[in-house]
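Participant: Please find one structure pasted underneath; my questions will follow.
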Amino acid sequence: MRSGNRPGGTAGGPGRLLVAVYAIFALAAGARAGVQIATKFSDAPVAYLLSAFAAAVYVLATVALARGGRTSFRIAVAACSTELAGVLVVGTLSIADSAAFPDETVWSMYGRGYGFIPLVLPVVGLLWLRRTARRGGGSPAGGGRPVSGGV
């Protein structure tokens with residue numbers, strides 16, 4: 001750790017790039033879902049609602065990763081975990097029963113439409129959260145960020 005850097009911040013250093021990518025995905029998924037819901041909701045309501053849910057998860061992860069602190073750390077872990085579970089479940093279902101997904105979601109085919117970034121992003125997010133928790137003095141299973149990380 002270089003001097004002058006705040007210890008344990010989730011949005012510092014490489015975390016800034018992670019926050020930026022989450023913000024881009026929040027915007028992309030939200031815009032896509034908004035247009036699809038507004039213009040052709042009856043074509044594939046489940047797919048479009050799943051894209052809107054993915055956008056909400058990306059927004060939550062973005063804000064939690066950017067803020068830092070114990071509560072935000074826990075929210076970020078929950079958001080990244082939800083995202084990983086969503087991309088695995090929706091990805092598998094979209095392959096096993098393609099008729100159930102007449103149009104793609106952000107998480108369809110494990111995020112194929114987005115270069116598989118939706119599959120990789122939550123793993124990177126969880127690894128980054130684990131790293132910053134350890135660097136900040138928190139234990140791996142200790143229940144969140146150290147107090148010095150903020151609220």
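Letters A, B, ... go to the chains of the structure tokens in the order shown; residues in each chain start at 1; ligands are counted from 1 in the same order.
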Which neighbours of Leu129 (chain A) fall inside 9 Å, counting only C-alpha atoms, when residues of the same chain fewer than 2 positions from it are skipped, and could you give them as a ChimeraX atom specification?
Facilitator: /A:10,65,73,76-77,124-127,131-134
Participant: Which of these residues is nearest to Thr105 (chain A), using only C-alpha atoms: A:Ala66, A:Val21, A:Leu93, A:Ala38?
Facilitator: A:Leu93
Participant: Just the number, please: distance in Å from CA of Val19 (chain A) to CA of Ile37 (chain A), one decimal.
Facilitator: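 Atom-to-atom, CA of Val19 (chain A) and CA of Ile37 (chain A) are spaced 26.3 Å apart.
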Participant: Taking a cut-off of 10 Å and counting only C-alpha atoms, can you build a table that, for each residue of region 61-94 of chain A near region 46-50 of chain A, reports the nearest atom pair and how far apart they are in Å (one decimal), sorted by chain then residue number, as a tab-separated table?
Facilitator:
```
residue	atom	partner	partner_atom	distance
A:Gly86	CA	A:Leu50	CA	9.0
A:Val90	CA	A:Leu50	CA	8.7
A:Ser94	CA	A:Ala47	CA	9.8
```
Participant: Rank nothing, just name the residue among A:Phe101, A:Gly30, A:Ala79, A:Trp107 nearest to Val63 (chain A), using only C-alpha atoms.
Facilitator: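 Smallest distance to Val63 (chain A) is found for A:Ala79.
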Participant: Go through A:Ala96, A:Val123, A:Leu18, A:Ala55 one by one, measure the shortest atom-to-atom distance of each to Ala31 (chain A) using only C-alpha atoms, and give the residue with the smallest value.
Facilitator: A:Ala55
Participant: How far is it from CA of Ala99 (chain A) to CA of Asp43 (chain A), in Å with one decimal?
Facilitator: 12.0 Å
Participant: Using DSSP on the backbone, list every residue of region 61-115 of chain A that comes out as helix (DSSP H, G or I), and give them as a PyMOL selection string.
Facilitator: chain A and resi 61-67+70-96+98-100+108-110+112-114
Participant: Quick one: residues within 9 Å of Thr82 (chain A), only C-alpha atoms counted, chain neighbours fewer than 5 positions away excluded, as a PyMOL selection string?
Facilitator: chain A and resi 57+77+87+122
Participant: Restrict the selected residues to C-alpha atoms and save them as a short mmCIF file (atom, residue, chain, number, x, y, z; two decimals), in the first residue's frame.
Facilitator:
```
data_model
loop_
_atom_site.label_atom_id
_atom_site.label_comp_id
_atom_site.auth_asym_id
_atom_site.auth_seq_id
_atom_site.Cartn_x
_atom_site.Cartn_y
_atom_site.Cartn_z
CA VAL A 57 -28.49 -5.06 -8.94
CA VAL A 77 -21.23 -8.64 -1.26
CA VAL A 87 -26.23 -14.98 -14.30
CA PRO A 122 -19.39 -10.54 -9.99
#
```
Participant: Mind pulling up the distance from CA of Glu104 (chain A) to CA of Gly15 (chain A)?
Facilitator: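 The value is 29.1 Å.
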